[in-house]
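Structure file coords.pdb (PDB, C-alpha atoms) follows.
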MODEL        1
ATOM      1  CA  MET A   1      70.508  15.160  77.302  1.00  0.00           C
ATOM      2  CA  PRO A   2      71.893  12.080  79.064  1.00  0.00           C
ATOM      3  CA  ASN A   3      75.513  11.723  79.979  1.00  0.00           C
ATOM      4  CA  ILE A   4      78.017   9.002  80.831  1.00  0.00           C
ATOM      5  CA  ILE A   5      77.948   8.444  84.601  1.00  0.00           C
ATOM      6  CA  GLY A   6      81.149   6.505  85.297  1.00  0.00           C
ATOM      7  CA  GLY A   7      84.672   5.854  84.098  1.00  0.00           C
ATOM      8  CA  LYS A   8      87.067   7.949  82.057  1.00  0.00           C
ATOM      9  CA  TYR A   9      84.354   9.682  80.006  1.00  0.00           C
ATOM     10  CA  LYS A  10      82.165  10.522  82.994  1.00  0.00           C
ATOM     11  CA  LYS A  11      79.940  13.581  82.385  1.00  0.00           C
ATOM     12  CA  THR A  12      80.271  13.359  78.584  1.00  0.00           C
ATOM     13  CA  ILE A  13      76.921  14.439  77.175  1.00  0.00           C
ATOM     14  CA  LEU A  14      75.404  12.233  74.482  1.00  0.00           C
ATOM     15  CA  GLU A  15      72.694  12.882  71.922  1.00  0.00           C
ATOM     16  CA  VAL A  16      69.397  10.995  71.867  1.00  0.00           C
ATOM     17  CA  PRO A  17      67.254  10.595  68.759  1.00  0.00           C
ATOM     18  CA  SER A  18      64.062  12.313  69.852  1.00  0.00           C
ATOM     19  CA  LYS A  19      60.964  10.131  70.208  1.00  0.00           C
ATOM     20  CA  LEU A  20      62.676   7.162  68.537  1.00  0.00           C
ATOM     21  CA  VAL A  21      64.281   5.624  71.617  1.00  0.00           C
ATOM     22  CA  ARG A  22      63.749   5.298  75.348  1.00  0.00           C
ATOM     23  CA  PRO A  23      67.182   5.793  76.920  1.00  0.00           C
ATOM     24  CA  THR A  24      68.000   3.902  80.093  1.00  0.00           C
ATOM     25  CA  ALA A  25      67.888   6.413  82.951  1.00  0.00           C
ATOM     26  CA  ALA A  26      71.117   7.268  84.776  1.00  0.00           C
ATOM     27  CA  PHE A  27      70.025   5.674  88.061  1.00  0.00           C
ATOM     28  CA  LYS A  28      69.183   2.422  86.231  1.00  0.00           C
ATOM     29  CA  ARG A  29      72.542   2.441  84.432  1.00  0.00           C
ATOM     30  CA  GLU A  30      74.292   3.009  87.751  1.00  0.00           C
ATOM     31  CA  ALA A  31      72.390   0.079  89.266  1.00  0.00           C
ATOM     32  CA  ILE A  32      73.188  -2.172  86.293  1.00  0.00           C
ATOM     33  CA  PHE A  33      76.918  -1.517  86.431  1.00  0.00           C
ATOM     34  CA  SER A  34      77.047  -1.655  90.235  1.00  0.00           C
ATOM     35  CA  ILE A  35      75.394  -5.081  90.236  1.00  0.00           C
ATOM     36  CA  LEU A  36      77.656  -6.353  87.422  1.00  0.00           C
ATOM     37  CA  GLU A  37      80.849  -5.025  88.993  1.00  0.00           C
ATOM     38  CA  SER A  38      79.963  -6.260  92.486  1.00  0.00           C
ATOM     39  CA  TYR A  39      79.115  -9.775  91.294  1.00  0.00           C
ATOM     40  CA  SER A  40      82.170  -9.987  89.047  1.00  0.00           C
ATOM     41  CA  ILE A  41      84.526  -8.874  91.833  1.00  0.00           C
ATOM     42  CA  LYS A  42      83.022 -11.312  94.365  1.00  0.00           C
ATOM     43  CA  ASN A  43      83.311 -14.176  91.866  1.00  0.00           C
ATOM     44  CA  SER A  44      86.637 -13.227  90.200  1.00  0.00           C
ATOM     45  CA  ILE A  45      85.055 -12.702  86.774  1.00  0.00           C
ATOM     46  CA  GLU A  46      86.635 -10.268  84.318  1.00  0.00           C
ATOM     47  CA  ILE A  47      83.981  -8.161  82.606  1.00  0.00           C
ATOM     48  CA  TYR A  48      86.067  -5.385  81.019  1.00  0.00           C
ATOM     49  CA  LYS A  49      89.596  -6.409  80.011  1.00  0.00           C
ATOM     50  CA  LYS A  50      89.639  -8.118  76.581  1.00  0.00           C
ATOM     51  CA  LYS A  51      85.836  -8.423  76.704  1.00  0.00           C
ATOM     52  CA  SER A  52      82.928  -6.902  74.822  1.00  0.00           C
ATOM     53  CA  ILE A  53      79.337  -5.866  75.315  1.00  0.00           C
ATOM     54  CA  ILE A  54      76.592  -6.585  72.803  1.00  0.00           C
ATOM     55  CA  ASP A  55      74.004  -3.813  73.063  1.00  0.00           C
ATOM     56  CA  ILE A  56      70.872  -5.096  71.295  1.00  0.00           C
ATOM     57  CA  PHE A  57      68.345  -2.367  70.384  1.00  0.00           C
ATOM     58  CA  ALA A  58      71.202   0.059  71.080  1.00  0.00           C
ATOM     59  CA  GLY A  59      69.387   3.336  70.448  1.00  0.00           C
ATOM     60  CA  SER A  60      71.706   6.169  71.464  1.00  0.00           C
ATOM     61  CA  GLY A  61      74.275   3.655  72.731  1.00  0.00           C
ATOM     62  CA  LEU A  62      74.201   4.705  76.376  1.00  0.00           C
ATOM     63  CA  ILE A  63      74.822   1.236  77.830  1.00  0.00           C
ATOM     64  CA  GLY A  64      77.602   0.248  75.424  1.00  0.00           C
ATOM     65  CA  LEU A  65      79.283   3.642  75.712  1.00  0.00           C
ATOM     66  CA  GLU A  66      79.032   3.481  79.500  1.00  0.00           C
ATOM     67  CA  ALA A  67      80.848   0.137  79.279  1.00  0.00           C
ATOM     68  CA  ILE A  68      83.559   1.680  77.060  1.00  0.00           C
ATOM     69  CA  SER A  69      84.001   4.483  79.588  1.00  0.00           C
ATOM     70  CA  ARG A  70      84.435   1.889  82.330  1.00  0.00           C
ATOM     71  CA  GLY A  71      87.101  -0.001  80.380  1.00  0.00           C
ATOM     72  CA  ILE A  72      85.450  -2.675  78.249  1.00  0.00           C
ATOM     73  CA  HIS A  73      87.513  -3.519  75.158  1.00  0.00           C
ATOM     74  CA  LYS A  74      84.739  -3.303  72.541  1.00  0.00           C
ATOM     75  CA  SER A  75      81.052  -2.480  72.165  1.00  0.00           C
ATOM     76  CA  TYR A  76      78.870  -4.049  69.501  1.00  0.00           C
ATOM     77  CA  PHE A  77      75.787  -1.910  68.858  1.00  0.00           C
ATOM     78  CA  ILE A  78      72.776  -3.447  67.107  1.00  0.00           C
ATOM     79  CA  ASP A  79      69.917  -1.361  65.752  1.00  0.00           C
ATOM     80  CA  ASN A  80      67.877  -1.200  62.555  1.00  0.00           C
ATOM     81  CA  ASN A  81      66.717   2.412  62.362  1.00  0.00           C
ATOM     82  CA  HIS A  82      68.672   4.756  60.040  1.00  0.00           C
ATOM     83  CA  GLU A  83      67.965   7.901  62.104  1.00  0.00           C
ATOM     84  CA  VAL A  84      68.970   6.176  65.338  1.00  0.00           C
ATOM     85  CA  ILE A  85      72.177   4.838  63.727  1.00  0.00           C
ATOM     86  CA  LYS A  86      73.187   8.377  62.670  1.00  0.00           C
ATOM     87  CA  VAL A  87      72.989   9.612  66.267  1.00  0.00           C
ATOM     88  CA  LEU A  88      74.610   6.442  67.602  1.00  0.00           C
ATOM     89  CA  LYS A  89      77.559   6.893  65.242  1.00  0.00           C
ATOM     90  CA  LYS A  90      78.027  10.508  66.409  1.00  0.00           C
ATOM     91  CA  ASN A  91      77.982   9.377  70.035  1.00  0.00           C
ATOM     92  CA  CYS A  92      80.523   6.631  69.353  1.00  0.00           C
ATOM     93  CA  GLN A  93      82.844   9.006  67.495  1.00  0.00           C
ATOM     94  CA  LYS A  94      82.625  11.423  70.408  1.00  0.00           C
ATOM     95  CA  ILE A  95      84.232   9.038  72.905  1.00  0.00           C
ATOM     96  CA  CYS A  96      85.500   5.893  71.144  1.00  0.00           C
ATOM     97  CA  HIS A  97      88.434   4.956  69.000  1.00  0.00           C
ATOM     98  CA  GLU A  98      87.346   3.216  65.795  1.00  0.00           C
ATOM     99  CA  ASN A  99      88.520  -0.190  67.017  1.00  0.00           C
ATOM    100  CA  GLU A 100      86.443   0.083  70.215  1.00  0.00           C
ATOM    101  CA  TYR A 101      83.033  -0.191  68.590  1.00  0.00           C
ATOM    102  CA  GLU A 102      81.107  -1.751  65.761  1.00  0.00           C
ATOM    103  CA  ILE A 103      77.635  -0.680  64.668  1.00  0.00           C
ATOM    104  CA  ILE A 104      75.575  -3.486  63.179  1.00  0.00           C
ATOM    105  CA  PHE A 105      72.644  -2.291  61.083  1.00  0.00           C
ATOM    106  CA  SER A 106      70.292  -5.252  61.345  1.00  0.00           C
ATOM    107  CA  ASN A 107      67.224  -6.565  63.065  1.00  0.00           C
ATOM    108  CA  ALA A 108      68.026  -8.186  66.391  1.00  0.00           C
ATOM    109  CA  ILE A 109      67.381 -11.813  65.443  1.00  0.00           C
ATOM    110  CA  ASP A 110      69.473 -11.743  62.249  1.00  0.00           C
ATOM    111  CA  SER A 111      72.328  -9.877  63.940  1.00  0.00           C
ATOM    112  CA  LEU A 112      72.875 -12.845  66.243  1.00  0.00           C
ATOM    113  CA  ASP A 113      74.136 -14.901  63.298  1.00  0.00           C
ATOM    114  CA  LYS A 114      77.248 -12.713  63.306  1.00  0.00           C
ATOM    115  CA  LYS A 115      80.552 -13.931  64.725  1.00  0.00           C
ATOM    116  CA  PHE A 116      81.549 -11.557  67.538  1.00  0.00           C
ATOM    117  CA  LEU A 117      85.356 -11.520  67.521  1.00  0.00           C
ATOM    118  CA  VAL A 118      85.747 -10.162  71.056  1.00  0.00           C
ATOM    119  CA  GLU A 119      84.113 -12.467  73.608  1.00  0.00           C
ATOM    120  CA  PRO A 120      81.116 -10.806  75.242  1.00  0.00           C
ATOM    121  CA  SER A 121      80.952 -10.506  79.011  1.00  0.00           C
ATOM    122  CA  ILE A 122      77.672  -8.554  78.804  1.00  0.00           C
ATOM    123  CA  ILE A 123      74.679  -8.893  76.490  1.00  0.00           C
ATOM    124  CA  PHE A 124      72.181  -6.087  77.055  1.00  0.00           C
ATOM    125  CA  ILE A 125      68.682  -6.432  75.590  1.00  0.00           C
ATOM    126  CA  ASP A 126      66.381  -3.413  75.783  1.00  0.00           C
ATOM    127  CA  PRO A 127      63.667  -3.810  73.140  1.00  0.00           C
ATOM    128  CA  PRO A 128      60.717  -1.507  72.566  1.00  0.00           C
ATOM    129  CA  TYR A 129      58.354  -2.563  75.351  1.00  0.00           C
ATOM    130  CA  ASN A 130      55.847  -5.265  74.374  1.00  0.00           C
ATOM    131  CA  LYS A 131      57.037  -5.279  70.745  1.00  0.00           C
ATOM    132  CA  GLU A 132      59.783  -7.876  70.483  1.00  0.00           C
ATOM    133  CA  ASN A 133      59.952 -11.552  71.286  1.00  0.00           C
ATOM    134  CA  ILE A 134      62.716 -11.640  73.867  1.00  0.00           C
ATOM    135  CA  ASN A 135      62.341 -15.416  74.164  1.00  0.00           C
ATOM    136  CA  LEU A 136      63.441 -15.904  70.538  1.00  0.00           C
ATOM    137  CA  LEU A 137      66.475 -13.691  71.124  1.00  0.00           C
ATOM    138  CA  LEU A 138      67.510 -15.681  74.196  1.00  0.00           C
ATOM    139  CA  VAL A 139      67.143 -19.009  72.399  1.00  0.00           C
ATOM    140  CA  LYS A 140      69.279 -17.749  69.501  1.00  0.00           C
ATOM    141  CA  ILE A 141      71.949 -16.340  71.866  1.00  0.00           C
ATOM    142  CA  LEU A 142      72.268 -19.763  73.480  1.00  0.00           C
ATOM    143  CA  LYS A 143      71.947 -21.775  70.236  1.00  0.00           C
ATOM    144  CA  ASN A 144      74.705 -19.720  68.561  1.00  0.00           C
ATOM    145  CA  LYS A 145      76.886 -19.995  71.689  1.00  0.00           C
ATOM    146  CA  ILE A 146      77.202 -16.209  71.989  1.00  0.00           C
ATOM    147  CA  LYS A 147      76.747 -16.489  75.743  1.00  0.00           C
ATOM    148  CA  THR A 148      79.746 -18.147  77.322  1.00  0.00           C
ATOM    149  CA  LYS A 149      80.166 -19.415  80.869  1.00  0.00           C
ATOM    150  CA  ASN A 150      81.044 -15.912  82.126  1.00  0.00           C
ATOM    151  CA  THR A 151      78.580 -13.823  80.112  1.00  0.00           C
ATOM    152  CA  PHE A 152      75.862 -11.802  81.822  1.00  0.00           C
ATOM    153  CA  VAL A 153      72.575 -11.350  79.974  1.00  0.00           C
ATOM    154  CA  ILE A 154      70.638  -8.283  81.094  1.00  0.00           C
ATOM    155  CA  ILE A 155      67.096  -7.580  79.958  1.00  0.00           C
ATOM    156  CA  GLU A 156      65.324  -4.265  80.473  1.00  0.00           C
ATOM    157  CA  THR A 157      61.624  -4.618  79.786  1.00  0.00           C
ATOM    158  CA  ALA A 158      58.118  -3.641  80.850  1.00  0.00           C
ATOM    159  CA  ILE A 159      57.135  -5.011  84.234  1.00  0.00           C
ATOM    160  CA  ASN A 160      54.232  -6.962  82.720  1.00  0.00           C
ATOM    161  CA  ASP A 161      56.253  -8.632  79.918  1.00  0.00           C
ATOM    162  CA  GLU A 162      56.193 -12.408  80.206  1.00  0.00           C
ATOM    163  CA  ILE A 163      59.557 -13.946  79.449  1.00  0.00           C
ATOM    164  CA  THR A 164      60.189 -17.666  79.217  1.00  0.00           C
ATOM    165  CA  ILE A 165      63.792 -18.218  80.119  1.00  0.00           C
ATOM    166  CA  PRO A 166      65.425 -21.075  78.215  1.00  0.00           C
ATOM    167  CA  GLU A 167      67.552 -23.687  79.917  1.00  0.00           C
ATOM    168  CA  GLY A 168      71.110 -22.413  80.145  1.00  0.00           C
ATOM    169  CA  LEU A 169      70.316 -19.125  81.882  1.00  0.00           C
ATOM    170  CA  SER A 170      70.028 -18.653  85.644  1.00  0.00           C
ATOM    171  CA  LEU A 171      68.375 -15.643  87.233  1.00  0.00           C
ATOM    172  CA  LEU A 172      70.905 -13.722  89.268  1.00  0.00           C
ATOM    173  CA  LYS A 173      68.790 -10.693  90.223  1.00  0.00           C
ATOM    174  CA  GLU A 174      65.591  -8.855  89.335  1.00  0.00           C
ATOM    175  CA  LYS A 175      65.152  -5.126  89.953  1.00  0.00           C
ATOM    176  CA  ILE A 176      61.884  -3.218  89.598  1.00  0.00           C
ATOM    177  CA  TYR A 177      61.834   0.496  88.766  1.00  0.00           C
ATOM    178  CA  GLY A 178      58.283   1.806  88.331  1.00  0.00           C
ATOM    179  CA  LYS A 179      56.925   0.206  85.126  1.00  0.00           C
ATOM    180  CA  THR A 180      60.316  -1.300  84.246  1.00  0.00           C
ATOM    181  CA  LYS A 181      62.043  -4.474  85.336  1.00  0.00           C
ATOM    182  CA  ILE A 182      65.674  -5.296  84.821  1.00  0.00           C
ATOM    183  CA  LEU A 183      66.591  -8.966  84.839  1.00  0.00           C
ATOM    184  CA  PHE A 184      70.155 -10.190  85.326  1.00  0.00           C
ATOM    185  CA  TYR A 185      70.975 -13.697  84.093  1.00  0.00           C
ATOM    186  CA  TYR A 186      74.214 -15.577  84.277  1.00  0.00           C
TER
ENDMDL
END
Would you write the structure of this file as structure tokens?
Amino acid sequence: MPNIIGGKYKKTILEVPSKLVRPTAAFKREAIFSILESYSIKNSIEIYKKKSIIDIFAGSGLIGLEAISRGIHKSYFIDNNHEVIKVLKKNCQKICHENEYEIIFSNAIDSLDKKFLVEPSIIFIDPPYNKENINLLLVKILKNKIKTKNTFVIIETAINDEITIPEGLSLLKEKIYGKTKILFYY
């Protein structure tokens, strides 16, 4: 079972819906938050206080819950599988206050029509490898003005996935871990 690796809920063990999700490994989560925190400190960007994370294809919620543990104001979790949502809700109730999270039962594209009341500093996209059109998600994020000037967009995907990045996103960093790549856009 995976656990939170940083912040006030460090070492809290979370459940994972078996065979339904591919949780982001601890060393990848550590790298993601280290890169985000380092860049935000160097550039005087607030990523936690009065900010939110949108965790698209949330699964067990590891990324959004890691952000809560590190001090982000709110996590929006998006998923469309009933079994996954049950486990996600248990994980949220284990470490969050009710006002710190919102679970959105929807497909990814439709969920981006929602008005997110707490401005996102992080949008994390981790779709089932080779099964979702990440390009459409990125276009909709920009079209609906969900990404603001100081929002990071992070994509975890298969190394061979081709992604066309729309105008309005700049590559900050790319990390390769075996068959996975993690792309950081700003």
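The shell of residues at most 8 Å from Asn99 of chain A, with only C-alpha atoms counted and near chain neighbours (fewer than 3 positions) removed, consists of Lys74, Cys96 and Glu102 of chain A.
Within the file as shown, the PyMOL selection byres ((chain A and resi 175) around 10) identifies Lys28, Ala31, Ile32, Glu156, Ile159, Lys173, Glu174, Ile176, Tyr177, Gly178, Thr180, Lys181, Ile182, Leu183 and Phe184 of chain A.
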With all atoms of segment 68-81 of chain A from the file as input, state the centre and edge lengths in Å to one decimal of the axis-aligned box that has 8 Å extra on each side, as JSON.
{"center_x": 77.1, "center_y": 0.2, "center_z": 72.3, "size_x": 36.8, "size_y": 24.5, "size_z": 36.0}
Residues matched by the PyMOL selection byres ((chain A and resi 81) around 12), written as an mmCIF file with C-alpha atoms, keeping the file's coordinate frame:
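Now in part12.cif:
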data_model
loop_
_atom_site.group_PDB
_atom_site.id
_atom_site.type_symbol
_atom_site.label_atom_id
_atom_site.label_comp_id
_atom_site.auth_asym_id
_atom_site.auth_seq_id
_atom_site.Cartn_x
_atom_site.Cartn_y
_atom_site.Cartn_z
ATOM 1 C CA PRO A 17 67.254 10.595 68.759
ATOM 2 C CA LEU A 20 62.676 7.162 68.537
ATOM 3 C CA VAL A 21 64.281 5.624 71.617
ATOM 4 C CA PHE A 57 68.345 -2.367 70.384
ATOM 5 C CA ALA A 58 71.202 0.059 71.080
ATOM 6 C CA GLY A 59 69.387 3.336 70.448
ATOM 7 C CA SER A 60 71.706 6.169 71.464
ATOM 8 C CA PHE A 77 75.787 -1.910 68.858
ATOM 9 C CA ILE A 78 72.776 -3.447 67.107
ATOM 10 C CA ASP A 79 69.917 -1.361 65.752
ATOM 11 C CA ASN A 80 67.877 -1.200 62.555
ATOM 12 C CA HIS A 82 68.672 4.756 60.040
ATOM 13 C CA GLU A 83 67.965 7.901 62.104
ATOM 14 C CA VAL A 84 68.970 6.176 65.338
ATOM 15 C CA ILE A 85 72.177 4.838 63.727
ATOM 16 C CA LYS A 86 73.187 8.377 62.670
ATOM 17 C CA VAL A 87 72.989 9.612 66.267
ATOM 18 C CA LEU A 88 74.610 6.442 67.602
ATOM 19 C CA ILE A 103 77.635 -0.680 64.668
ATOM 20 C CA ILE A 104 75.575 -3.486 63.179
ATOM 21 C CA PHE A 105 72.644 -2.291 61.083
ATOM 22 C CA SER A 106 70.292 -5.252 61.345
ATOM 23 C CA ASN A 107 67.224 -6.565 63.065
ATOM 24 C CA ALA A 108 68.026 -8.186 66.391
#
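Distances to Phe152 of chain A were evaluated for A:Glu66, A:Glu98, A:Asp110, A:Glu46 using all atoms listed in the file, and the minimum falls at A:Glu46.
For the pair atom CA of Ile63 of chain A and atom CA of Asn150 of chain A, the separation is 18.7 Å.
If you count all atoms listed in the file and draw a sphere of 12 Å around (79.8, -23.6, 82.2), the protein and nucleic acid residues inside it come out as Lys145, Lys147, Thr148, Lys149, Asn150, Thr151, Gly168, Leu169, Ser170 and Tyr186 of chain A.
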>> What would the selection look like, as a PyMOL selection string, if the PyMOL selection byres ((chain A and resi 133) around 12) were run on the coordinates I just shared?
In response: chain A and resi 108-109+125-132+134-140+155+157+161-165
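In this comparison, which uses only C-alpha atoms, the residue of A:Lys143, A:Lys179, A:Lys8, A:Lys49 approaching Leu65 of chain A most closely is A:Lys8.
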Extract segment 75-86 of chain A from the structure I just pasted (atoms: N, CA, C and O atoms) and return it as an mmCIF file, in the first residue's frame.
data_model
loop_
_atom_site.group_PDB
_atom_site.id
_atom_site.type_symbol
_atom_site.label_atom_id
_atom_site.label_comp_id
_atom_site.auth_asym_id
_atom_site.auth_seq_id
_atom_site.Cartn_x
_atom_site.Cartn_y
_atom_site.Cartn_z
ATOM 1 N N SER A 75 -8.105 20.190 -2.951
ATOM 2 C CA SER A 75 -7.853 19.253 -4.049
ATOM 3 C C SER A 75 -9.165 18.911 -4.735
ATOM 4 O O SER A 75 -10.129 18.529 -4.071
ATOM 5 N N TYR A 76 -9.173 19.070 -6.053
ATOM 6 C CA TYR A 76 -10.288 18.618 -6.876
ATOM 7 C C TYR A 76 -9.860 17.302 -7.513
ATOM 8 O O TYR A 76 -8.831 17.248 -8.191
ATOM 9 N N PHE A 77 -10.634 16.252 -7.273
ATOM 10 C CA PHE A 77 -10.329 14.929 -7.811
ATOM 11 C C PHE A 77 -11.343 14.593 -8.890
ATOM 12 O O PHE A 77 -12.546 14.659 -8.648
ATOM 13 N N ILE A 78 -10.857 14.207 -10.071
ATOM 14 C CA ILE A 78 -11.742 13.869 -11.184
ATOM 15 C C ILE A 78 -11.510 12.412 -11.570
ATOM 16 O O ILE A 78 -10.373 12.017 -11.849
ATOM 17 N N ASP A 79 -12.582 11.643 -11.565
ATOM 18 C CA ASP A 79 -12.522 10.258 -12.027
ATOM 19 C C ASP A 79 -13.936 9.835 -12.403
ATOM 20 O O ASP A 79 -14.904 10.455 -11.960
ATOM 21 N N ASN A 80 -14.042 8.762 -13.200
ATOM 22 C CA ASN A 80 -15.376 8.343 -13.638
ATOM 23 C C ASN A 80 -15.637 6.853 -13.411
ATOM 24 O O ASN A 80 -16.479 6.268 -14.063
ATOM 25 N N ASN A 81 -14.937 6.270 -12.446
ATOM 26 C CA ASN A 81 -15.139 4.863 -12.134
ATOM 27 C C ASN A 81 -15.699 4.753 -10.708
ATOM 28 O O ASN A 81 -15.076 5.237 -9.759
ATOM 29 N N HIS A 82 -16.868 4.124 -10.572
ATOM 30 C CA HIS A 82 -17.538 4.031 -9.259
ATOM 31 C C HIS A 82 -16.662 3.346 -8.212
ATOM 32 O O HIS A 82 -16.602 3.809 -7.067
ATOM 33 N N GLU A 83 -16.013 2.254 -8.557
ATOM 34 C CA GLU A 83 -15.171 1.528 -7.591
ATOM 35 C C GLU A 83 -13.987 2.389 -7.154
ATOM 36 O O GLU A 83 -13.624 2.413 -5.979
ATOM 37 N N VAL A 84 -13.383 3.072 -8.094
ATOM 38 C CA VAL A 84 -12.247 3.948 -7.787
ATOM 39 C C VAL A 84 -12.700 5.089 -6.869
ATOM 40 O O VAL A 84 -12.030 5.420 -5.889
ATOM 41 N N ILE A 85 -13.868 5.669 -7.168
ATOM 42 C CA ILE A 85 -14.389 6.785 -6.363
ATOM 43 C C ILE A 85 -14.624 6.348 -4.909
ATOM 44 O O ILE A 85 -14.360 7.114 -3.982
ATOM 45 N N LYS A 86 -15.097 5.131 -4.701
ATOM 46 C CA LYS A 86 -15.319 4.636 -3.333
ATOM 47 C C LYS A 86 -14.020 4.653 -2.532
ATOM 48 O O LYS A 86 -13.980 5.118 -1.385
#
